[in-house]
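This is input_19.cif. It holds mmCIF, C-alpha atoms and all ligand atoms.
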```cif
data_my_file
#
loop_
_atom_site.label_atom_id
_atom_site.label_comp_id
_atom_site.auth_asym_id
_atom_site.auth_seq_id
_atom_site.Cartn_x
_atom_site.Cartn_y
_atom_site.Cartn_z
CA MET A 1 -23.53 -9.23 -49.81
CA HIS A 2 -20.84 -7.07 -48.26
CA THR A 3 -20.49 -7.11 -44.47
CA LEU A 4 -18.44 -5.41 -41.74
CA ASN A 5 -15.61 -6.90 -39.73
CA THR A 6 -16.18 -6.66 -35.96
CA LEU A 7 -14.43 -4.36 -33.53
CA ALA A 8 -16.13 -5.79 -30.43
CA GLY A 9 -14.07 -5.42 -27.28
CA ILE A 10 -11.31 -3.27 -28.77
CA SER A 11 -10.60 -0.17 -26.69
CA LEU A 12 -8.20 2.47 -27.95
CA GLU A 13 -8.75 4.83 -25.01
CA PRO A 14 -7.34 7.32 -24.30
CA TYR A 15 -5.99 7.90 -27.82
CA ILE A 16 -9.22 7.33 -29.73
CA ASP A 17 -12.35 7.48 -27.62
CA SER A 18 -14.76 4.56 -27.55
CA LEU A 19 -17.82 6.55 -28.59
CA THR A 20 -16.06 7.74 -31.74
CA MET A 21 -14.99 4.18 -32.53
CA GLN A 22 -18.52 2.91 -31.99
CA ILE A 23 -20.22 5.55 -34.14
CA HIS A 24 -17.50 5.39 -36.76
CA HIS A 25 -17.80 1.63 -37.14
CA ASP A 26 -21.47 0.95 -36.39
CA LYS A 27 -22.95 3.97 -38.16
CA HIS A 28 -20.53 5.38 -40.73
CA HIS A 29 -18.95 2.15 -41.96
CA GLN A 30 -22.31 0.36 -41.79
CA ALA A 31 -23.85 3.06 -43.99
CA TYR A 32 -21.14 2.57 -46.65
CA VAL A 33 -21.79 -1.18 -46.62
CA ASP A 34 -25.57 -0.76 -46.79
CA ASN A 35 -25.38 1.78 -49.59
CA LEU A 36 -22.93 -0.36 -51.57
CA ASN A 37 -25.21 -3.38 -51.26
CA LYS A 38 -28.17 -1.25 -52.31
CA ALA A 39 -26.32 0.19 -55.31
CA ILE A 40 -25.44 -3.23 -56.74
CA GLU A 41 -28.80 -4.84 -55.86
CA GLY A 42 -30.06 -4.97 -59.44
CA PHE A 43 -26.72 -6.06 -60.92
CA PRO A 44 -26.24 -9.82 -60.38
CA GLU A 45 -22.90 -9.80 -62.23
CA LEU A 46 -21.48 -7.51 -59.51
CA GLN A 47 -22.89 -9.34 -56.50
CA ASN A 48 -20.10 -11.85 -56.02
CA LYS A 49 -17.21 -9.51 -56.63
CA GLU A 50 -14.96 -8.46 -53.77
CA VAL A 51 -15.00 -4.75 -53.06
CA TRP A 52 -11.38 -4.54 -54.25
CA GLU A 53 -12.41 -5.96 -57.63
CA LEU A 54 -15.14 -3.36 -57.96
CA LEU A 55 -12.77 -0.51 -57.13
CA THR A 56 -9.93 -1.59 -59.39
CA ASN A 57 -12.33 -1.87 -62.32
CA LEU A 58 -14.57 1.14 -61.84
CA GLU A 59 -14.67 1.82 -65.57
CA SER A 60 -16.51 -1.49 -66.03
CA ILE A 61 -19.22 -0.56 -63.50
CA PRO A 62 -22.49 0.65 -65.12
CA GLU A 63 -22.43 4.42 -65.25
CA GLU A 64 -25.65 4.90 -63.31
CA ILE A 65 -24.16 3.33 -60.18
CA ARG A 66 -20.45 4.07 -60.71
CA LEU A 67 -20.27 7.05 -58.35
CA LYS A 68 -22.19 5.19 -55.64
CA VAL A 69 -19.84 2.22 -55.93
CA ARG A 70 -16.85 4.54 -55.91
CA ASN A 71 -17.98 6.40 -52.77
CA ASN A 72 -19.51 3.55 -50.81
CA GLY A 73 -17.24 0.77 -52.04
CA GLY A 74 -14.30 3.05 -51.28
CA GLY A 75 -15.74 3.78 -47.85
CA HIS A 76 -16.14 0.07 -47.15
CA ALA A 77 -12.68 -0.88 -48.39
CA ASN A 78 -10.91 2.00 -46.66
CA HIS A 79 -12.52 1.36 -43.29
CA THR A 80 -12.01 -2.40 -43.44
CA PHE A 81 -8.33 -1.67 -44.08
CA PHE A 82 -8.20 1.01 -41.36
CA TRP A 83 -9.67 -1.05 -38.50
CA LYS A 84 -6.96 -3.65 -38.93
CA LEU A 85 -4.35 -0.92 -38.50
CA LEU A 86 -5.60 0.00 -35.03
CA THR A 87 -4.50 -2.02 -32.00
CA PRO A 88 -4.86 -1.84 -28.22
CA GLU A 89 -1.24 -3.08 -28.06
CA PHE A 90 0.01 0.49 -27.87
CA ASP A 91 3.31 1.99 -28.96
CA GLN A 92 4.53 -0.65 -31.37
CA THR A 93 7.53 0.03 -33.58
CA PRO A 94 8.00 -0.84 -37.27
CA LEU A 95 9.01 -4.38 -38.06
CA GLU A 96 11.97 -5.44 -40.16
CA LYS A 97 10.97 -4.89 -43.81
CA THR A 98 8.86 -1.84 -43.04
CA ASN A 99 11.64 -0.31 -41.01
CA SER A 100 14.23 -0.83 -43.69
CA LEU A 101 11.99 0.71 -46.38
CA LEU A 102 11.09 3.65 -44.13
CA ILE A 103 14.77 4.34 -43.54
CA SER A 104 15.75 4.01 -47.19
CA ASN A 105 12.88 6.30 -48.27
CA PHE A 106 12.70 8.87 -45.50
CA GLY A 107 15.96 8.60 -43.56
CA ASP A 108 14.37 7.75 -40.23
CA LEU A 109 11.04 7.07 -38.57
CA GLU A 110 10.57 10.56 -37.17
CA THR A 111 11.06 12.17 -40.58
CA PHE A 112 8.51 9.80 -42.05
CA LYS A 113 6.01 10.64 -39.28
CA THR A 114 6.53 14.37 -39.83
CA LYS A 115 5.95 14.09 -43.59
CA PHE A 116 2.93 11.85 -43.13
CA LYS A 117 1.44 14.31 -40.66
CA GLU A 118 2.02 17.20 -43.07
CA ALA A 119 0.15 15.26 -45.74
CA ALA A 120 -2.70 14.39 -43.37
CA LEU A 121 -3.06 18.04 -42.37
CA SER A 122 -2.84 19.28 -45.95
CA ARG A 123 -5.81 17.20 -47.12
CA PHE A 124 -8.54 19.83 -47.36
CA GLY A 125 -11.94 18.67 -46.13
CA SER A 126 -12.58 14.94 -45.90
CA GLY A 127 -10.23 12.24 -47.05
CA TRP A 128 -7.37 9.93 -46.24
CA ALA A 129 -3.59 10.00 -45.89
CA TRP A 130 -1.70 6.98 -47.21
CA LEU A 131 1.64 5.28 -47.33
CA VAL A 132 1.72 3.52 -50.66
CA LEU A 133 4.13 1.02 -52.17
CA THR A 134 5.13 2.18 -55.63
CA ASP A 135 5.77 -0.03 -58.63
CA GLU A 136 9.47 0.56 -58.03
CA ASN A 137 9.16 -0.83 -54.49
CA THR A 138 9.67 2.50 -52.86
CA LEU A 139 7.32 4.12 -50.39
CA SER A 140 5.32 7.19 -51.20
CA ILE A 141 3.05 9.37 -49.05
CA SER A 142 -0.17 10.52 -50.68
CA THR A 143 -3.70 11.63 -49.87
CA THR A 144 -7.10 11.04 -51.44
CA PRO A 145 -10.31 13.08 -51.20
CA ASN A 146 -13.60 11.69 -49.90
CA GLN A 147 -13.51 7.87 -49.97
CA ASP A 148 -11.23 7.57 -52.97
CA THR A 149 -8.62 4.94 -52.42
CA PRO A 150 -5.20 3.97 -53.80
CA TRP A 151 -6.72 0.70 -55.02
CA MET A 152 -8.67 2.67 -57.61
CA GLU A 153 -5.30 3.36 -59.20
CA LYS A 154 -4.21 -0.23 -58.63
CA LYS A 155 -1.73 0.93 -55.98
CA ASP A 156 -1.22 -0.95 -52.73
CA ALA A 157 -1.46 1.10 -49.57
CA ILE A 158 0.35 -0.39 -46.61
CA LEU A 159 -0.80 2.24 -44.10
CA GLY A 160 -3.71 4.69 -44.11
CA LEU A 161 -5.30 7.25 -41.84
CA ASP A 162 -8.90 8.40 -41.96
CA VAL A 163 -8.90 12.20 -41.67
CA TRP A 164 -12.63 12.72 -42.00
CA GLU A 165 -13.91 14.75 -39.06
CA HIS A 166 -16.12 11.81 -38.06
CA ALA A 167 -12.89 9.99 -37.13
CA TYR A 168 -11.81 12.47 -34.48
CA TYR A 169 -14.20 15.37 -33.91
CA LEU A 170 -15.82 14.21 -30.65
CA LYS A 171 -12.48 14.09 -28.83
CA TYR A 172 -10.23 16.39 -30.82
CA GLN A 173 -12.71 18.83 -32.40
CA ASN A 174 -10.71 20.88 -34.93
CA ARG A 175 -7.33 19.58 -33.71
CA ARG A 176 -6.57 17.13 -36.49
CA ALA A 177 -2.86 17.39 -35.66
CA ASP A 178 -3.46 15.96 -32.17
CA TYR A 179 -5.44 13.10 -33.68
CA VAL A 180 -2.56 12.30 -36.03
CA ASP A 181 -0.15 12.30 -33.07
CA ALA A 182 -2.47 9.93 -31.19
CA PHE A 183 -2.66 7.61 -34.20
CA TRP A 184 0.99 6.59 -33.84
CA HIS A 185 0.24 5.18 -30.36
CA VAL A 186 -2.44 2.83 -31.68
CA LEU A 187 -0.90 1.94 -35.02
CA ASN A 188 -0.52 -1.79 -35.59
CA TRP A 189 2.93 -1.96 -37.19
CA LYS A 190 2.58 -5.76 -37.38
CA GLN A 191 -0.33 -5.22 -39.75
CA VAL A 192 1.70 -2.70 -41.76
CA GLU A 193 4.43 -5.34 -42.18
CA GLU A 194 1.82 -7.87 -43.27
CA ASN A 195 0.35 -5.37 -45.75
CA LEU A 196 3.83 -4.83 -47.14
CA GLN A 197 4.49 -8.56 -47.50
CA LYS A 198 1.18 -9.02 -49.32
CA ALA A 199 1.53 -5.96 -51.56
CA ARG A 200 1.87 -6.94 -55.18
CA GLY A 201 4.81 -4.70 -55.91
CA TYR A 202 7.05 -5.94 -53.15
CA LEU A 203 9.80 -8.19 -54.46
CA GLY A 204 11.81 -8.47 -51.26
CA THR A 205 14.82 -7.01 -52.99
CA LYS A 206 14.90 -3.60 -51.36
FE FE B 301 -14.21 7.10 -41.51
#
```
Spell out the structure here as structure tokens.
Ligand SMILES: [Fe+2]
Amino acid sequence: MHTLNTLAGISLEPYIDSLTMQIHHDKHHQAYVDNLNKAIEGFPELQNKEVWELLTNLESIPEEIRLKVRNNGGGHANHTFFWKLLTPEFDQTPLEKTNSLLISNFGDLETFKTKFKEAALSRFGSGWAWLVLTDENTLSISTTPNQDTPWMEKKDAILGLDVWEHAYYLKYQNRRADYVDAFWHVLNWKQVEENLQKARGYLGTK
């Protein structure tokens, strides 16, 4: 049985409004979890697998539920990852390993933020923007549609931003750019560093 992590007591006002956070977590994320559980109900061999295992082996999922697992498992995994990246300890800066990789890949933090924002704005419709660690231990910015996720391609994301309208519409309406700007204030760079340390590709050599 898949379940949600809790966000109780976390306020990201004024950058992300509390009603959006509440609906996003309690309704949208909950629906992905419920629909994933429902999809795998009749498949005991899938019941004890972590969502990451399901997503990295989609080809082994029975065809009749594969799309449901892809969409709802992706939605569950992406949101679980995303909540950890949001913190009420505002205006953090990148930690040591992250900072050094950002500089070696993008030159400086501001250039990275500009490129990431361009990617987030270029994703047509619903989806996600990502910072992914490549097999060569470099960083790469990418986007995915819907609830597709880098883990489906066995890639480790270290940072991700939900750019579905449900993530920002109540406060920012059509101004996705303002939402991306607000994201930097609430980004948990400590979690990004932890994601980097845990990523399979990272050898600590670069
Ligand atoms: Fe979302």
Quiz item: Using only C-alpha atoms and all ligand atoms, what are the residues with an atom within 6 Å of ligand FE 301 (chain B), set out as a PyMOL selection string?
Solution: chain A and resi 162+164+167
Using all atoms listed in the file, find each residue in segment 107-152 of chain A having at least one atom no more than 10 Å away from segment 192-198 of chain A; report its shortest atom-to-atom pair and that distance in Å (one decimal), rows by chain then rising number, as CSV.
```
residue,atom,partner,partner_atom,distance
A:Leu131,CA,A:Val192,CA,9.7
A:Val132,CA,A:Leu196,CA,9.3
A:Leu133,CA,A:Leu196,CA,7.7
A:Asn137,CA,A:Leu196,CA,9.9
```
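Using only C-alpha atoms, the smallest distance between any of A:Pro145, A:Glu110, A:Arg123, A:Gly75 and Thr93 of chain A comes from A:Glu110.
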Could you pull the residues within 8 Å of Leu4 of chain A, counting all atoms listed in the file, minus those fewer than 4 positions along the same chain, as a tab-separated table (two decimals) with C-alpha atoms, keeping the file's coordinate frame?
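Saved the output as around-v4.tsv:
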```tsv
chain	number	residue	atom	x	y	z
A	29	HIS	CA	-18.95	2.15	-41.96
A	30	GLN	CA	-22.31	0.36	-41.79
A	33	VAL	CA	-21.79	-1.18	-46.62
A	80	THR	CA	-12.01	-2.40	-43.44
```
Mind giving me the axis-aligned box for segment 68-76 of chain A with 3 Å on every side, centre plus edges in Å to one decimal, as JSON?
```
{"center_x": -18.2, "center_y": 3.2, "center_z": -51.5, "size_x": 13.9, "size_y": 12.3, "size_z": 14.8}
```
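Remark: for Val180 of chain A, the closest of the candidate residues A:Gln147, A:Thr20, A:Ser100, A:Thr114 is A:Thr114 (distances computed over all atoms listed in the file).
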